[in-house]
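Student: If you scroll down you'll find the structure; I have some questions about it.
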There are 4 protein chains.
Amino acid sequence: MTLQYVLTLGCPDRTGIVARIAALLVEAGGSITEAGYHADQQTNWFFTRQVVCATGLGLDELRDRFAALATEFDAGDGWRVRDAEAPRRVAVLVSREGHCLYDLLGRYAGGELNMDIRVVISNHPDLEPITRAHGIAFHHVPFPRGAQGKRAAFDEVRKLVDVEEPDAVVLARFMQIVPPDLCEAWAGRMLNIHHSFLPSFIGAKPYHQAHTRGVKLVGATCHYVTEDLDAGPIIEQDVIRVDHSDTVADMVRKGRDIEKIVLARGLRAHLEDRVLVHGNRTVVFG
Amino acid sequence: MTLQYVLTLGCPDRTGIVARIAALLVEAGGSITEAGYHADQQTNWFFTRQVVCATGLGLDELRDRFAALATEFDAGDGWRVRDAEAPRRVAVLVSREGHCLYDLLGRYAGGELNMDIRVVISNHPDLEPITRAHGIAFHHVPFPRGAQGKRAAFDEVRKLVDVEEPDAVVLARFMQIVPPDLCEAWAGRMLNIHHSFLPSFIGAKPYHQAHTRGVKLVGATCHYVTEDLDAGPIIEQDVIRVDHSDTVADMVRKGRDIEKIVLARGLRAHLEDRVLVHGNRTVVFG
Amino acid sequence: MTLQYVLTLGCPDRTGIVARIAALLVEAGGSITEAGYHADQQTNWFFTRQVVCATGLGLDELRDRFAALATEFDAGDGWRVRDAEAPRRVAVLVSREGHCLYDLLGRYAGGELNMDIRVVISNHPDLEPITRAHGIAFHHVPFPRGAQGKRAAFDEVRKLVDVEEPDAVVLARFMQIVPPDLCEAWAGRMLNIHHSFLPSFIGAKPYHQAHTRGVKLVGATCHYVTEDLDAGPIIEQDVIRVDHSDTVADMVRKGRDIEKIVLARGLRAHLEDRVLVHGNRTVVFG
Amino acid sequence: MTLQYVLTLGCPDRTGIVARIAALLVEAGGSITEAGYHADQQTNWFFTRQVVCATGLGLDELRDRFAALATEFDAGDGWRVRDAEAPRRVAVLVSREGHCLYDLLGRYAGGELNMDIRVVISNHPDLEPITRAHGIAFHHVPFPRGAQGKRAAFDEVRKLVDVEEPDAVVLARFMQIVPPDLCEAWAGRMLNIHHSFLPSFIGAKPYHQAHTRGVKLVGATCHYVTEDLDAGPIIEQDVIRVDHSDTVADMVRKGRDIEKIVLARGLRAHLEDRVLVHGNRTVVFG
């Protein structure tokens, strides 16, 4: 049986890392089908992602060998070995705007992304029917106005998410600010789609802000969520042209198409272990 | 009660058309909320599209007045007056690739396009459940291999479509070549999405052709269907970057996102009467 | 003799403006070759730009007639009638980075823009030879460090510019902050190219800021200069993709291509009277 | 003294190539500063480009060692080791349209590309002054109409080019069809900029063809020249949006900006040994 593994590593740069990894893989009978390398000159940090085709080599064995190397290279927990083909487990949080969810469901139905959407959770019931039509569990968790009510709601969301042990928690236009403890719990696997070309127009109503400023392009940003609002490491961005004839509503409409694509690209990169985070920046292997 | 009408006109250019239309609208108590004008120097043809806000003026009355003007300007049947807000009736034809249909259904559910999808027809049963989940009728019309069987199938498709009197017949990745009589019957309202940047890669397997040629961008084209395969008037096109690391399968995947957007933009333009055809070229008012 | 005039008007919206202008033009024997209209719903303001082909009608006569209409429509000084074909007079201010100047000179030599570059002024002597090779006057005005020296330098710049009565003062990567009195003197005709996608990364070293934030696209913005640094009305913007492998130097290099194009497009729009400013936003007729 | 070398290799894929090259470099005291790898599944061919920083290792020594490896891997002449920093020698052929030449000269003056433009040759004298203003030799070689005269002209061009031993022969809008013997002599180092998105609109007047077909984007293609007109391996392409209001002249103007950028990007990739050709396709390491 032939298996595909994906290896990622980020560690201080030094001479010989590529050679050592390559030697390890040759020795283990693996052949590289995809490889990305990046040496960041500014931080003197080295990054690699490799997809390896291995016959008769087990995941645990490869992980053990790679772990030893990672330790030698002072990688800390900045490395990973995973079965490339095992579907990633995904939890989606959404509010009322359904376009990103619809888009993810369409890609899910078409098998476009290597994911298993385990659950969709929303502070509104609107999107339950379409979610269920795709055979996916849906939970409506109402978010009351006060701080206490919100806290309780987030606790419930956390339970519903954590039980699924997701590889990705996707905020697909989820309009509640996630509290710090959840940011920490899901660090490195919670993705948000923000409807502006960050760092422009942080926070609420970015299209209104964009319209007021009179910009000629609007954009969207997929980023990891951290405690700092809309300031986490950016995975993917794109823009679309607007002009004076576009009202805020037109910008919202045009922006939706970019949001969907940017989220899908960012999620894909995350699910395929293409994204390595270092500080507040990402390396995204194409 | 205030109504919105959309007027379109294509006719030989001459001095004074704009003034005459504007005067007619003032006289009729209408105010222009959106106006596009284009004078094509090469063909000496004039095009306009206007959205008019009218209080107390009926559709029939406005149409009568505008018809008189159109006749005077030798417009033939190159003019139209319509209620801008009445949902357009749409029939969708699709085969097995579902991404364009999923995308249209998502936009339909979100009320993004001013359309009423009356029916989805397919030569495969695969997409029935999701169509029905959106409350839309679905017909499976099998297409046998021989010419005679196909002819009978198309006759059935025609019946199913014509009974809906659609404003748009959308080929959302429908993989059968539409016979000339249907092209004629639905001329000017049958839209196709072709998965290449036409006129490159006409016909079957455009992504394979693109991969073989080694292009650095792949694209999609939304065009009106005419008897000449993939040669009808182009409404909208866009492209996405690919590189040497993209297999045909990668191109197919990346191309899908462009197909969805290009079809949605083209369909939107059509439904809002923004597209005026002249010869094999289109004027698309933004 | 046939002449081409360009008319622009911005005024409070009301019923009948289009009709009145059109009637005036018909009466004056002019035929419209290009027309743009925009009614801004939010501000209830109307904008138009029309290119008129007139036989036997003088510029002054047309201007008089149009002035009367503009007054009636409460346009204030928000209107203009100009000979469309008379070359626009341009003054360029530049520092050491030459790419935008080289680009403008190339377009000037190719007759691509309807402009007469009257003078290039720089706080460095580096770009004198290439400027003179194009037959254009060059002035080196040194900018000393202190406030007083800078003031004197700007006074000299002002003299050198004003004597040319330019239709456009182009800051083609001019790295000095223009004082308020010059902003006022050249209001509505001083264009800057900023090397970021505003409002992101205002001020100095935007590519460094972009690199630190880890954005996936860098951009450029052409805007009218006002007293507020990098906050004037935006005329044109565009972006280019970057990734983790791009150093600041790479971003600078890639950004240059966008700066050149965005400046050229913005300048072209300005020279052809396509840009109408209202508040801090622009209407740019395509 | 620290030197930078660039290594490229294309050969049949097999297990262990990466490891062997990496080991060689470690052994030689070189450290990798940039590395690209690509394994083409369809052709089972392996490609790599590596930039190596070496202290005390000579170019000849590294080349000898790498040559041995390349032989072992059956690379034939599909490998190269070069001093990364030595300026590449460039010859430019141009006709009357100067925008691409102006652009290259601007980049040359700004030191943007690692090149030494040795000579500009044209069948028209128009661009001599600007070329000489940049301190570059210019030769006017008239091309008479008949086949014999053209042959003689090409022979002269060949002499003028070959004496410079150029790393790149750039057809910067050179409007003569290069004969087969020159295509062969300069195979793999003659780059053309074609003013369409190939394979659409091969041959003469592509913008006219594009206008007639009514496309919504026009493009440009930088490719290696082969005997088959406009059919050589594509290095880079890009497009720009046009619409119904664009005349052929507008398309020409908009297209120029894309031609300049696409040529500059393609040339840069070539000069930095980023382009590996295999069959009629290219691998371009970013």
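By order of appearance in the structure tokens: chains A, B, ..., then residues from 1 within every chain, and ligands from 1 in the order shown.
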Pull out every residue of chain B sitting within 8 Å of chain D, counting only C-alpha atoms, and send them as a ChimeraX atom specification.
Tutor: /B:38,40,198-200,212-217,233-238,243-245,280-284
Student: If DSSP is run on the backbone, what residues of region 47-202 of chain D are helix (DSSP H, G or I)? A reply as a PyMOL selection string would be ideal.
Tutor: chain D and resi 59-72+99-109+128-133+147-162+180-185
Student: Between D:Val218, D:Leu25, D:Cys11, D:Val163, which residue has the minimum interatomic distance to Pro206 (chain D), considering only C-alpha atoms?
Tutor: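 Distance minimum relative to Pro206 (chain D) lands on D:Val218.
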Student: Please give the complete set of residues from region 141-213 of chain A that DSSP, run on the backbone, assigns to strand (DSSP E or B), formatted as a ChimeraX atom specification.
Tutor: /A:168-171,190-194
Student: Write a file of the just-selected residues containing C-alpha atoms, as a PDB file, in the first residue's frame.
Tutor:
ATOM      1  CA  ALA A 168     -10.167  23.846  11.457  1.00  0.00           C
ATOM      2  CA  VAL A 169     -12.702  26.159  13.048  1.00  0.00           C
ATOM      3  CA  VAL A 170     -13.993  28.387  10.281  1.00  0.00           C
ATOM      4  CA  LEU A 171     -15.654  31.719  11.010  1.00  0.00           C
ATOM      5  CA  MET A 190      -9.344  29.139  13.757  1.00  0.00           C
ATOM      6  CA  LEU A 191      -9.716  30.945  10.428  1.00  0.00           C
ATOM      7  CA  ASN A 192     -11.741  34.076   9.837  1.00  0.00           C
ATOM      8  CA  ILE A 193     -12.830  35.748   6.629  1.00  0.00           C
ATOM      9  CA  HIS A 194     -12.759  39.510   7.042  1.00  0.00           C
TER      10      HIS A 194
END
Student: Can you list, as a PDB file with N, CA and C atoms, in the first residue's frame, every protein, DNA or RNA residue that comes within 8 Å of Glu227 (chain C) when you count only C-alpha atoms, leaving out same-chain residues fewer than 4 positions away?
Tutor:
ATOM      1  N   PRO C 179       3.759  71.757   1.572  1.00  0.00           N
ATOM      2  CA  PRO C 179       3.130  72.600   2.591  1.00  0.00           C
ATOM      3  C   PRO C 179       1.710  73.016   2.202  1.00  0.00           C
ATOM      4  N   PRO C 180       0.894  73.335   3.202  1.00  0.00           N
ATOM      5  CA  PRO C 180      -0.528  73.643   2.990  1.00  0.00           C
ATOM      6  C   PRO C 180      -0.789  74.711   1.929  1.00  0.00           C
ATOM      7  N   CYS C 183      -0.628  73.134  -1.359  1.00  0.00           N
ATOM      8  CA  CYS C 183      -1.778  72.236  -1.511  1.00  0.00           C
ATOM      9  C   CYS C 183      -3.000  73.042  -1.952  1.00  0.00           C
ATOM     10  N   GLU C 184      -3.130  74.213  -1.367  1.00  0.00           N
ATOM     11  CA  GLU C 184      -4.294  75.019  -1.703  1.00  0.00           C
ATOM     12  C   GLU C 184      -4.154  75.622  -3.101  1.00  0.00           C
ATOM     13  N   GLY C 232      -6.135  62.488   0.485  1.00  0.00           N
ATOM     14  CA  GLY C 232      -6.939  63.188  -0.519  1.00  0.00           C
ATOM     15  C   GLY C 232      -7.774  62.230  -1.354  1.00  0.00           C
TER      16      GLY C 232
END
Student: Skip Gly76 (chain D) itself and residues of its chain fewer than 3 positions away, then list as a PyMOL selection string all residues within 9 Å of it, counting only C-alpha atoms.
Tutor: chain D and resi 10-11+70-71+73+79
Student: Which value, in Å to one decimal, gives the distance between CA of Lys260 (chain A) and CA of Val157 (chain A)?
Tutor: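 So the two atoms, CA of Lys260 (chain A) and CA of Val157 (chain A), lie 23.4 Å apart.
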Student: Please report the interatomic distance between CA of Ile17 (chain D) and CA of Ala35 (chain A) in Å with one decimal.
Tutor: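 CA of Ile17 (chain D) sits 12.6 Å away from CA of Ala35 (chain A).
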Student: Identify, on the basis of only C-alpha atoms, every residue whose closest approach to Val51 (chain A) does not exceed 9 Å; exclude the query and any residue fewer than 3 positions from it along the same chain; express the result as a ChimeraX atom specification.
Tutor: /A:4-8,31-35,84
